[in-house]
>>> print(open('query.cif').read())   # mmCIF, C-alpha atoms and all ligand atoms
data_final
#
loop_
_atom_site.label_atom_id
_atom_site.label_comp_id
_atom_site.auth_asym_id
_atom_site.auth_seq_id
_atom_site.Cartn_x
_atom_site.Cartn_y
_atom_site.Cartn_z
CA MET M 107 27.42 4.88 16.37
CA ALA M 108 25.87 7.41 13.99
CA ARG M 109 22.55 8.93 14.99
CA MET M 110 19.52 9.91 12.95
CA THR M 111 16.11 11.56 13.29
CA ALA M 112 13.15 9.19 13.34
CA LEU M 113 9.43 9.34 14.01
CA VAL M 114 8.92 6.87 16.84
CA TYR M 115 5.50 5.42 17.72
CA GLU M 116 5.74 5.20 21.51
CA ALA M 117 2.10 4.70 22.61
CA PRO M 118 -1.37 5.14 21.07
CA HIS M 119 -1.56 8.69 19.60
CA GLN M 120 2.02 9.41 20.67
CA MET M 121 4.63 9.56 17.93
CA PRO M 122 7.32 12.18 18.57
CA VAL M 123 10.51 12.79 16.58
CA ARG M 124 13.52 11.26 18.38
CA GLU M 125 17.26 10.92 17.90
CA VAL M 126 18.00 7.21 17.53
CA ASP M 127 20.87 5.03 16.27
CA VAL M 128 21.19 4.58 12.51
CA PRO M 129 20.26 0.89 11.88
CA ALA M 130 23.24 -1.43 12.28
CA LEU M 131 23.84 -2.89 8.82
CA ARG M 132 23.90 -6.67 8.41
CA PRO M 133 26.09 -8.17 5.67
CA ASP M 134 23.08 -8.99 3.43
CA GLU M 135 21.48 -5.55 3.83
CA VAL M 136 21.53 -2.17 2.14
CA LEU M 137 21.32 1.08 4.09
CA ILE M 138 19.05 3.58 2.35
CA ARG M 139 18.96 7.33 2.84
CA VAL M 140 15.18 7.91 2.83
CA ALA M 141 13.89 10.59 0.44
CA TYR M 142 10.09 10.23 0.84
CA SER M 143 8.07 7.98 3.13
CA GLY M 144 4.34 7.75 2.45
CA ILE M 145 1.78 7.34 5.23
CA CYS M 146 -0.33 4.20 4.67
CA GLY M 147 -3.91 3.63 5.87
CA SER M 148 -2.80 0.42 7.58
CA GLU M 149 -0.51 2.49 9.81
CA LEU M 150 -3.32 4.78 10.95
CA SER M 151 -4.93 1.98 12.97
CA GLY M 152 -1.45 1.21 14.34
CA PHE M 153 -1.11 4.82 15.48
CA GLU M 154 -4.43 4.46 17.32
CA GLY M 155 -3.14 1.31 19.03
CA LYS M 156 -5.67 -0.91 17.21
CA ASN M 157 -3.23 -3.04 15.21
CA ALA M 158 -1.79 -6.04 17.01
CA LEU M 159 1.15 -6.21 14.55
CA ARG M 160 2.41 -2.72 15.44
CA LYS M 161 3.80 -2.59 18.95
CA PRO M 162 5.70 0.40 20.41
CA PRO M 163 8.41 1.49 20.27
CA LEU M 164 8.26 1.30 16.49
CA ILE M 165 9.40 3.31 13.47
CA MET M 166 6.57 2.99 10.91
CA GLY M 167 6.73 3.68 7.15
CA HIS M 168 6.93 1.14 4.33
CA GLU M 169 6.08 3.12 1.16
CA PHE M 170 9.34 4.85 0.41
CA SER M 171 12.08 5.84 -1.96
CA GLY M 172 15.65 6.96 -1.37
CA GLN M 173 19.28 6.50 -2.30
CA ILE M 174 21.70 3.74 -1.42
CA GLU M 175 23.95 5.01 1.38
CA GLN M 176 25.92 1.87 2.19
CA LEU M 177 26.10 -1.77 1.09
CA GLY M 178 26.71 -4.74 3.36
CA GLN M 179 29.55 -6.99 2.20
CA GLU M 180 27.31 -9.86 1.02
CA ALA M 181 24.85 -7.43 -0.56
CA ALA M 182 27.63 -5.77 -2.58
CA ALA M 183 28.95 -9.16 -3.76
CA ARG M 184 25.51 -10.47 -4.75
CA PHE M 185 24.31 -7.28 -6.44
CA PRO M 186 27.40 -5.80 -8.11
CA ALA M 187 25.24 -3.32 -10.06
CA PHE M 188 24.13 -1.58 -6.84
CA GLN M 189 25.97 1.69 -6.27
CA VAL M 190 26.11 4.21 -3.47
CA GLY M 191 23.87 7.14 -4.42
CA GLN M 192 21.63 5.01 -6.64
CA ALA M 193 17.90 5.83 -6.46
CA VAL M 194 15.83 2.89 -5.20
CA THR M 195 12.59 1.75 -3.66
CA VAL M 196 12.10 -1.32 -1.47
CA ASN M 197 9.58 -4.14 -1.34
CA PRO M 198 8.90 -3.92 2.42
CA LEU M 199 7.54 -7.47 2.67
CA ILE M 200 10.67 -9.41 3.53
CA THR M 201 10.06 -13.08 2.74
CA CYS M 202 12.10 -16.26 3.31
CA GLY M 203 12.30 -17.41 -0.32
CA GLU M 204 12.29 -21.04 0.83
CA CYS M 205 8.81 -21.96 2.05
CA LEU M 206 6.20 -23.53 -0.25
CA TYR M 207 4.43 -20.18 -0.72
CA CYS M 208 7.62 -18.38 -1.73
CA LEU M 209 8.48 -21.23 -4.11
CA ARG M 210 5.01 -20.89 -5.66
CA GLY M 211 5.51 -17.14 -6.13
CA GLN M 212 2.94 -16.34 -3.42
CA HIS M 213 5.39 -14.29 -1.34
CA GLN M 214 2.59 -12.41 0.39
CA LEU M 215 1.61 -15.67 2.09
CA CYS M 216 5.17 -16.56 3.25
CA ALA M 217 4.99 -18.23 6.63
CA ASN M 218 8.09 -16.34 7.76
CA ARG M 219 7.31 -12.92 6.28
CA LYS M 220 8.34 -9.74 8.05
CA LEU M 221 7.10 -6.28 7.19
CA LEU M 222 9.12 -3.10 7.49
CA SER M 223 7.06 -0.78 9.72
CA ALA M 224 5.62 -3.71 11.73
CA SER M 225 8.16 -6.34 12.79
CA LEU M 226 11.14 -4.45 11.28
CA PRO M 227 11.94 -0.73 11.65
CA GLY M 228 10.40 1.30 8.83
CA SER M 229 11.16 4.36 6.73
CA ASN M 230 9.82 7.23 8.86
CA ALA M 231 13.45 8.06 9.56
CA GLN M 232 16.51 9.46 7.82
CA TYR M 233 17.83 5.94 7.16
CA VAL M 234 16.34 2.48 6.86
CA ALA M 235 18.01 -0.91 6.35
CA ALA M 236 16.55 -3.56 4.05
CA ARG M 237 17.68 -6.94 2.78
CA ALA M 238 19.40 -6.40 -0.57
CA ASP M 239 17.10 -8.69 -2.58
CA ALA M 240 14.13 -6.48 -1.60
CA VAL M 241 15.78 -3.36 -3.10
CA LEU M 242 14.66 -2.25 -6.57
CA PRO M 243 16.68 0.38 -8.50
CA LEU M 244 14.44 2.99 -10.13
CA PRO M 245 14.22 3.22 -13.92
CA PRO M 246 16.22 6.27 -15.13
CA GLY M 247 14.47 9.60 -14.68
CA MET M 248 11.76 8.34 -12.34
CA ALA M 249 10.77 10.87 -9.66
CA LEU M 250 11.40 9.80 -6.07
CA THR M 251 7.87 10.85 -5.09
CA ILE M 252 6.28 8.63 -7.75
CA ALA M 253 8.58 5.76 -6.75
CA ALA M 254 7.24 6.00 -3.18
CA LEU M 255 3.84 4.96 -4.62
CA THR M 256 5.14 1.55 -5.72
CA GLU M 257 3.91 -0.28 -2.62
CA PRO M 258 0.23 0.81 -2.71
CA THR M 259 0.26 0.39 -6.51
CA ALA M 260 1.47 -3.19 -6.03
CA CYS M 261 -1.55 -3.82 -3.75
CA ALA M 262 -3.86 -2.59 -6.54
CA ILE M 263 -2.08 -4.71 -9.16
CA HIS M 264 -2.43 -7.77 -6.93
CA ILE M 265 -6.22 -7.26 -6.72
CA ALA M 266 -6.47 -7.34 -10.51
CA ALA M 267 -4.09 -10.30 -10.72
CA LEU M 268 -6.39 -12.29 -8.40
CA VAL M 269 -9.73 -11.37 -9.94
CA VAL M 270 -8.61 -11.35 -13.61
CA PRO M 271 -11.13 -8.77 -14.90
CA ARG M 272 -12.41 -9.03 -18.45
CA SER M 273 -13.09 -5.91 -20.48
CA HIS M 274 -16.85 -6.49 -20.77
CA GLU M 275 -17.27 -6.69 -16.99
CA SER M 276 -18.40 -3.85 -14.75
CA ALA M 277 -16.61 -2.99 -11.51
CA LEU M 278 -17.33 -1.08 -8.32
CA VAL M 279 -14.53 0.18 -6.09
CA VAL M 280 -15.63 1.05 -2.56
CA GLY M 281 -13.32 3.61 -0.93
CA ALA M 282 -11.55 6.38 -2.89
CA GLY M 283 -8.36 6.33 -0.82
CA PRO M 284 -4.96 5.60 -2.39
CA ILE M 285 -5.68 1.88 -2.93
CA GLY M 286 -9.15 2.59 -4.36
CA LEU M 287 -7.90 5.30 -6.74
CA LEU M 288 -5.01 3.13 -7.92
CA THR M 289 -7.30 0.09 -8.30
CA ILE M 290 -9.64 2.09 -10.56
CA GLN M 291 -6.70 2.79 -12.85
CA VAL M 292 -5.40 -0.78 -12.83
CA LEU M 293 -8.89 -1.99 -13.80
CA GLN M 294 -8.98 0.63 -16.58
CA ASN M 295 -5.60 -0.62 -17.79
CA CYS M 296 -7.12 -4.13 -17.90
CA GLY M 297 -9.72 -2.74 -20.32
CA VAL M 298 -12.65 -2.52 -17.88
CA ARG M 299 -14.79 0.36 -19.16
CA HIS M 300 -17.68 0.53 -16.68
CA ILE M 301 -16.19 1.38 -13.31
CA TYR M 302 -18.10 2.89 -10.40
CA CYS M 303 -16.79 4.24 -7.13
CA ALA M 304 -18.49 4.82 -3.77
CA ASP M 305 -17.09 6.91 -0.91
CA LEU M 306 -18.81 8.96 1.79
CA ASN M 307 -16.15 11.69 1.45
CA ALA M 308 -17.26 13.90 -1.47
CA GLU M 309 -13.76 15.34 -2.05
CA ARG M 310 -12.27 11.86 -2.32
CA LEU M 311 -15.11 10.70 -4.59
CA ALA M 312 -14.47 13.66 -6.92
CA LYS M 313 -10.96 12.28 -7.48
CA ALA M 314 -12.41 8.94 -8.59
CA THR M 315 -14.70 10.70 -11.06
CA ALA M 316 -11.71 12.73 -12.33
CA LEU M 317 -10.15 9.38 -13.23
CA GLY M 318 -13.27 8.40 -15.17
CA ALA M 319 -15.18 6.34 -12.58
CA GLY M 320 -18.90 6.93 -12.09
CA ALA M 321 -19.82 8.16 -8.59
CA VAL M 322 -22.50 6.04 -6.93
CA LYS M 323 -23.94 5.41 -3.50
CA LEU M 324 -23.31 1.88 -2.33
CA ASP M 325 -27.02 0.96 -2.36
CA GLU M 326 -27.64 2.41 -5.84
CA VAL M 327 -26.11 -0.51 -7.72
CA ARG M 328 -27.64 -3.47 -5.87
CA GLY M 329 -27.21 -6.76 -7.67
CA GLN M 330 -25.65 -5.10 -10.72
CA VAL M 331 -21.86 -5.28 -10.62
CA ASP M 332 -19.57 -8.07 -11.88
CA ILE M 333 -16.54 -7.20 -9.74
CA VAL M 334 -16.74 -5.36 -6.40
CA VAL M 335 -13.59 -4.29 -4.54
CA ASP M 336 -13.82 -3.30 -0.87
CA ALA M 337 -10.93 -0.95 -0.16
CA VAL M 338 -12.34 0.05 3.25
CA GLY M 339 -13.07 -3.09 5.26
CA ALA M 340 -15.89 -2.02 7.59
CA ALA M 341 -19.01 -4.15 8.21
CA ILE M 342 -21.14 -1.66 6.28
CA THR M 343 -18.90 -1.66 3.20
CA ARG M 344 -18.43 -5.45 3.29
CA GLN M 345 -22.18 -6.00 3.41
CA GLY M 346 -22.73 -3.30 0.77
CA CYS M 347 -20.20 -4.98 -1.54
CA VAL M 348 -22.05 -8.32 -1.36
CA ALA M 349 -25.35 -6.56 -2.07
CA ALA M 350 -23.86 -4.69 -5.04
CA ALA M 351 -22.49 -7.84 -6.70
CA ARG M 352 -24.71 -9.41 -9.34
CA SER M 353 -25.59 -13.09 -8.93
CA GLY M 354 -22.49 -15.02 -9.94
CA GLY M 355 -20.36 -11.92 -9.31
CA ARG M 356 -17.05 -11.56 -7.47
CA VAL M 357 -16.12 -9.56 -4.39
CA VAL M 358 -12.52 -8.75 -3.41
CA TRP M 359 -11.81 -7.89 0.22
CA THR M 360 -8.68 -5.80 0.73
CA GLY M 361 -9.51 -3.12 3.33
CA LEU M 362 -8.64 -4.20 6.88
CA HIS M 363 -10.57 -1.65 8.92
CA GLU M 364 -12.40 -4.18 11.13
CA ALA M 365 -11.16 -7.61 12.16
CA GLU M 366 -14.58 -9.29 11.99
CA SER M 367 -17.86 -8.44 10.26
CA GLN M 368 -21.19 -10.18 9.78
CA LEU M 369 -22.00 -11.30 6.22
CA PRO M 370 -25.24 -12.64 4.61
CA VAL M 371 -23.75 -16.03 3.80
CA ASN M 372 -27.04 -17.69 2.77
CA ASP M 373 -27.60 -14.91 0.24
CA MET M 374 -24.01 -15.37 -0.99
CA ILE M 375 -24.64 -19.10 -1.44
CA ARG M 376 -27.95 -18.67 -3.26
CA ARG M 377 -26.51 -15.99 -5.56
CA GLU M 378 -23.19 -17.81 -6.00
CA ILE M 379 -20.99 -14.87 -4.99
CA THR M 380 -17.28 -15.66 -5.17
CA THR M 381 -15.07 -13.80 -2.69
CA TYR M 382 -11.32 -13.22 -2.63
CA GLY M 383 -9.06 -12.01 0.14
CA SER M 384 -6.34 -9.81 -1.37
CA PHE M 385 -3.31 -9.18 0.82
CA ALA M 386 -0.25 -7.18 -0.25
CA TYR M 387 1.52 -8.40 -3.39
CA THR M 388 3.85 -10.94 -4.87
CA ARG M 389 7.36 -9.92 -5.87
CA LEU M 390 6.16 -9.89 -9.47
CA ASP M 391 3.26 -7.54 -8.61
CA PHE M 392 5.78 -5.20 -6.96
CA ALA M 393 8.08 -5.16 -10.00
CA ASN M 394 5.07 -4.61 -12.29
CA ALA M 395 3.92 -1.71 -10.11
CA LEU M 396 7.30 0.03 -10.39
CA GLN M 397 7.26 -0.41 -14.16
CA ALA M 398 3.67 0.84 -14.54
CA LEU M 399 4.45 3.98 -12.51
CA ALA M 400 7.71 4.61 -14.39
CA GLU M 401 5.81 4.44 -17.69
CA GLY M 402 3.14 6.84 -16.41
CA ARG M 403 0.36 4.26 -16.75
CA LEU M 404 -0.97 5.25 -13.30
CA ARG M 405 -1.07 8.56 -11.51
CA LEU M 406 -2.09 10.45 -8.43
CA ASP M 407 -2.57 14.09 -9.47
CA PRO M 408 0.02 16.44 -7.92
CA GLY M 409 -2.83 18.24 -6.13
CA TRP M 410 -3.82 15.01 -4.37
CA THR M 411 -0.46 14.57 -2.65
CA ARG M 412 1.64 16.63 -0.25
CA ILE M 413 5.15 16.60 1.17
CA GLU M 414 5.56 17.35 4.89
CA PRO M 415 8.59 17.44 7.20
CA LEU M 416 9.00 14.31 9.34
CA ALA M 417 8.45 16.44 12.45
CA ASN M 418 4.82 17.00 11.34
CA GLY M 419 4.30 13.24 11.14
CA ALA M 420 1.95 12.80 14.10
CA ALA M 421 -0.19 15.75 12.95
CA CYS M 422 -0.41 14.18 9.47
CA PHE M 423 -1.55 10.85 10.93
CA ILE M 424 -4.30 12.67 12.87
CA GLU M 425 -5.32 14.61 9.75
CA LEU M 426 -5.62 11.40 7.69
CA LEU M 427 -7.59 9.68 10.48
CA HIS M 428 -10.14 12.50 10.26
CA GLY M 429 -10.65 12.03 6.50
CA SER M 430 -8.26 14.46 4.83
CA PRO M 431 -8.90 15.43 1.19
CA THR M 432 -5.17 14.73 0.60
CA VAL M 433 -4.83 11.21 -0.76
CA LYS M 434 -1.16 10.63 0.06
CA ILE M 435 1.18 12.48 2.39
CA TRP M 436 4.91 11.88 1.99
CA LEU M 437 7.17 12.61 4.94
CA ASP M 438 10.56 14.13 4.15
CA PRO M 439 13.04 13.29 6.94
CA TRP M 440 15.58 15.88 5.78
CA GLN M 441 13.32 18.96 5.82
ZN ZN A 1 0.99 0.51 2.52
ZN ZN A 2 8.58 -17.93 2.50
#
>>> encode(input="query.cif", output="structure tokens")
Amino acid sequence: MARMTALVYEAPHQMPVREVDVPALRPDEVLIRVAYSGICGSELSGFEGKNALRKPPLIMGHEFSGQIEQLGQEAAARFPAFQVGQAVTVNPLITCGECLYCLRGQHQLCANRKLLSASLPGSNAQYVAARADAVLPLPPGMALTIAALTEPTACAIHIAALVVPRSHESALVVGAGPIGLLTIQVLQNCGVRHIYCADLNAERLAKATALGAGAVKLDEVRGQVDIVVDAVGAAITRQGCVAAARSGGRVVWTGLHEAESQLPVNDMIRREITTYGSFAYTRLDFANALQALAEGRLRLDPGWTRIEPLANGAACFIELLHGSPTVKIWLDPWQ
């Protein structure tokens, strides 16, 4: 069997590069030669051993682009347009397509869902296998780096799809990480003009202001904002988001930093605060994200991103855990 280089999470804070078998291809799968694999905030807690869904040994990585290397027999028959060498990205949320949620188009809630980089091997490797119906060919000319942003962009698009912002509403995004910065732009594309951002990291916050958001401290906008998005998920940001919402306002929870937090529920009742949980994306959100990126409707400035060899993976995880000014690091498994 062919071998490949992969970044393998073996124990908390231990993720060396190893030689492992190239994934055995099932008939309904496509083997992809990974070009870039982005490091996601949700994987940082996994690296620390704080995420019950990520158990060692595990190859993480679910925000990636690459080229088709090989097609399983069924995959080739069902998707005759797929060609070896074709540039693609993958929706890493593999869903059953048959449960009530899938039938309703709520794939993110699929009872049988599996995520690459959690229950399936991910893209921090030279090759990754994915079910063919999760593979999306890139529009012509799209850069492989930009394509690797499709997954976090889909999360941002899903937030807007849930909350349905109107152009006269104000919004506050808490957390200027990749999801926060992309959410600011999705809200702008929905016509929202008054957008604020809060983040304790001044370098990150400067990126939000570069996009046109107003920098605020979380307690500066108490009771003022129509739509508040928590892209952190700590008790202090969750409580701050509720306080920032105006009476009758809406709060979207998407950050997953802490499993449980205390909330002022009586205050939320008396001020009629509506809350939404926003998890991942539907298949439509994912397709819309790819299209929006291909058309240049969203961006992360080149200076906000970096490409690193796969072998530096563990060091990059540690850097991001300590609050790096770099918004997105892409691992290149061929460097
Ligand atoms: Zn992600
Ligand atoms: Zn399903």
>>> residues_near_ligand(input="query.cif", ligand="ligand ZN 2 (chain A)", cutoff="12 Å", atoms="all atoms listed in the file", output="short mmCIF file (atom, residue, chain, number, x, y, z; two decimals) with C-alpha atoms, keeping the file's coordinate frame")
data_model
loop_
_atom_site.label_atom_id
_atom_site.label_comp_id
_atom_site.auth_asym_id
_atom_site.auth_seq_id
_atom_site.Cartn_x
_atom_site.Cartn_y
_atom_site.Cartn_z
CA LEU M 199 7.54 -7.47 2.67
CA ILE M 200 10.67 -9.41 3.53
CA THR M 201 10.06 -13.08 2.74
CA CYS M 202 12.10 -16.26 3.31
CA GLY M 203 12.30 -17.41 -0.32
CA GLU M 204 12.29 -21.04 0.83
CA CYS M 205 8.81 -21.96 2.05
CA LEU M 206 6.20 -23.53 -0.25
CA TYR M 207 4.43 -20.18 -0.72
CA CYS M 208 7.62 -18.38 -1.73
CA LEU M 209 8.48 -21.23 -4.11
CA ARG M 210 5.01 -20.89 -5.66
CA GLY M 211 5.51 -17.14 -6.13
CA GLN M 212 2.94 -16.34 -3.42
CA HIS M 213 5.39 -14.29 -1.34
CA GLN M 214 2.59 -12.41 0.39
CA LEU M 215 1.61 -15.67 2.09
CA CYS M 216 5.17 -16.56 3.25
CA ALA M 217 4.99 -18.23 6.63
CA ASN M 218 8.09 -16.34 7.76
CA ARG M 219 7.31 -12.92 6.28
CA LYS M 220 8.34 -9.74 8.05
CA THR M 388 3.85 -10.94 -4.87
CA ARG M 389 7.36 -9.92 -5.87
#
>>> residues_around(input="query.cif", residues="Arg237 in chain M", least_positions_apart="6", cutoff="12 Å", atoms="all atoms listed in the file", output="mmCIF file with C-alpha atoms, keeping the file's coordinate frame")
data_model
loop_
_atom_site.group_PDB
_atom_site.id
_atom_site.type_symbol
_atom_site.label_atom_id
_atom_site.label_comp_id
_atom_site.auth_asym_id
_atom_site.auth_seq_id
_atom_site.Cartn_x
_atom_site.Cartn_y
_atom_site.Cartn_z
ATOM 1 C CA LEU M 131 23.840 -2.890 8.820
ATOM 2 C CA ARG M 132 23.900 -6.670 8.410
ATOM 3 C CA PRO M 133 26.090 -8.170 5.670
ATOM 4 C CA ASP M 134 23.080 -8.990 3.430
ATOM 5 C CA GLU M 135 21.480 -5.550 3.830
ATOM 6 C CA VAL M 136 21.530 -2.170 2.140
ATOM 7 C CA LEU M 137 21.320 1.080 4.090
ATOM 8 C CA ILE M 138 19.050 3.580 2.350
ATOM 9 C CA LEU M 177 26.100 -1.770 1.090
ATOM 10 C CA GLY M 178 26.710 -4.740 3.360
ATOM 11 C CA GLN M 179 29.550 -6.990 2.200
ATOM 12 C CA GLU M 180 27.310 -9.860 1.020
ATOM 13 C CA ALA M 181 24.850 -7.430 -0.560
ATOM 14 C CA ALA M 182 27.630 -5.770 -2.580
ATOM 15 C CA ARG M 184 25.510 -10.470 -4.750
ATOM 16 C CA PHE M 185 24.310 -7.280 -6.440
ATOM 17 C CA THR M 195 12.590 1.750 -3.660
ATOM 18 C CA VAL M 196 12.100 -1.320 -1.470
ATOM 19 C CA ASN M 197 9.580 -4.140 -1.340
ATOM 20 C CA PRO M 198 8.900 -3.920 2.420
ATOM 21 C CA LEU M 199 7.540 -7.470 2.670
ATOM 22 C CA ILE M 200 10.670 -9.410 3.530
ATOM 23 C CA THR M 201 10.060 -13.080 2.740
ATOM 24 C CA CYS M 202 12.100 -16.260 3.310
ATOM 25 C CA LYS M 220 8.340 -9.740 8.050
ATOM 26 C CA LEU M 221 7.100 -6.280 7.190
ATOM 27 C CA LEU M 222 9.120 -3.100 7.490
ATOM 28 C CA LEU M 226 11.140 -4.450 11.280
#
>>> residues_around(input="query.cif", residues="Ala158 in chain M", least_positions_apart="2", cutoff="12 Å", atoms="all atoms listed in the file", output="PyMOL selection string")
chain M and resi 118+148-149+151-156+160-162+224-225+365
>>> write_last_selection(input="query.cif", atoms="C-alpha atoms", output="PDB file, in the frame of the given file")
ATOM      1  CA  PRO M 118      -1.370   5.140  21.070  1.00  0.00           C
ATOM      2  CA  SER M 148      -2.800   0.420   7.580  1.00  0.00           C
ATOM      3  CA  GLU M 149      -0.510   2.490   9.810  1.00  0.00           C
ATOM      4  CA  SER M 151      -4.930   1.980  12.970  1.00  0.00           C
ATOM      5  CA  GLY M 152      -1.450   1.210  14.340  1.00  0.00           C
ATOM      6  CA  PHE M 153      -1.110   4.820  15.480  1.00  0.00           C
ATOM      7  CA  GLU M 154      -4.430   4.460  17.320  1.00  0.00           C
ATOM      8  CA  GLY M 155      -3.140   1.310  19.030  1.00  0.00           C
ATOM      9  CA  LYS M 156      -5.670  -0.910  17.210  1.00  0.00           C
ATOM     10  CA  ARG M 160       2.410  -2.720  15.440  1.00  0.00           C
ATOM     11  CA  LYS M 161       3.800  -2.590  18.950  1.00  0.00           C
ATOM     12  CA  PRO M 162       5.700   0.400  20.410  1.00  0.00           C
ATOM     13  CA  ALA M 224       5.620  -3.710  11.730  1.00  0.00           C
ATOM     14  CA  SER M 225       8.160  -6.340  12.790  1.00  0.00           C
ATOM     15  CA  ALA M 365     -11.160  -7.610  12.160  1.00  0.00           C
TER      16      ALA M 365
END
>>> closest_residue(input="query.cif", among="M:Gly419, M:Pro129, M:Pro439, M:Gly383", to="Leu268 in chain M", atoms="only C-alpha atoms")
M:Gly383
>>> residues_near_ligand(input="query.cif", ligand="ligand ZN 1 (chain A)", cutoff="10 Å", atoms="all atoms listed in the file", output="list in words")
Gly144, Ile145, Cys146, Gly147, Ser148, Glu149, Gly167, His168, Glu169, Phe170, Pro198, Ser223, Leu255, Thr256, Glu257, Pro258, Thr259, Ala260, Cys261, Pro284, Ile285 and Ala386 of chain M
>>> write_last_selection(input="query.cif", atoms="C-alpha atoms", output="CSV table (one decimal), in the coordinates of the input")
chain,number,residue,atom,x,y,z
M,144,GLY,CA,4.3,7.8,2.4
M,145,ILE,CA,1.8,7.3,5.2
M,146,CYS,CA,-0.3,4.2,4.7
M,147,GLY,CA,-3.9,3.6,5.9
M,148,SER,CA,-2.8,0.4,7.6
M,149,GLU,CA,-0.5,2.5,9.8
M,167,GLY,CA,6.7,3.7,7.2
M,168,HIS,CA,6.9,1.1,4.3
M,169,GLU,CA,6.1,3.1,1.2
M,170,PHE,CA,9.3,4.8,0.4
M,198,PRO,CA,8.9,-3.9,2.4
M,223,SER,CA,7.1,-0.8,9.7
M,255,LEU,CA,3.8,5.0,-4.6
M,256,THR,CA,5.1,1.6,-5.7
M,257,GLU,CA,3.9,-0.3,-2.6
M,258,PRO,CA,0.2,0.8,-2.7
M,259,THR,CA,0.3,0.4,-6.5
M,260,ALA,CA,1.5,-3.2,-6.0
M,261,CYS,CA,-1.6,-3.8,-3.8
M,284,PRO,CA,-5.0,5.6,-2.4
M,285,ILE,CA,-5.7,1.9,-2.9
M,386,ALA,CA,-0.2,-7.2,-0.2
>>> closest_residue(input="query.cif", among="M:Ala282, M:Val358, M:Ile413, M:Ala238", to="Ala312 in chain M", atoms="only C-alpha atoms")
M:Ala282
>>> closest_residue(input="query.cif", among="M:Gly281, M:Gly346, M:Pro370, M:Gly339", to="Val327 in chain M", atoms="all atoms listed in the file")
M:Gly346
>>> residues_around(input="query.cif", residues="Leu399 in chain M", least_positions_apart="5", cutoff="10 Å", atoms="all atoms listed in the file", output="JSON, numbers by chain")
{"M": [245, 248, 249, 252, 253, 254, 255, 256, 259, 394, 404, 405]}
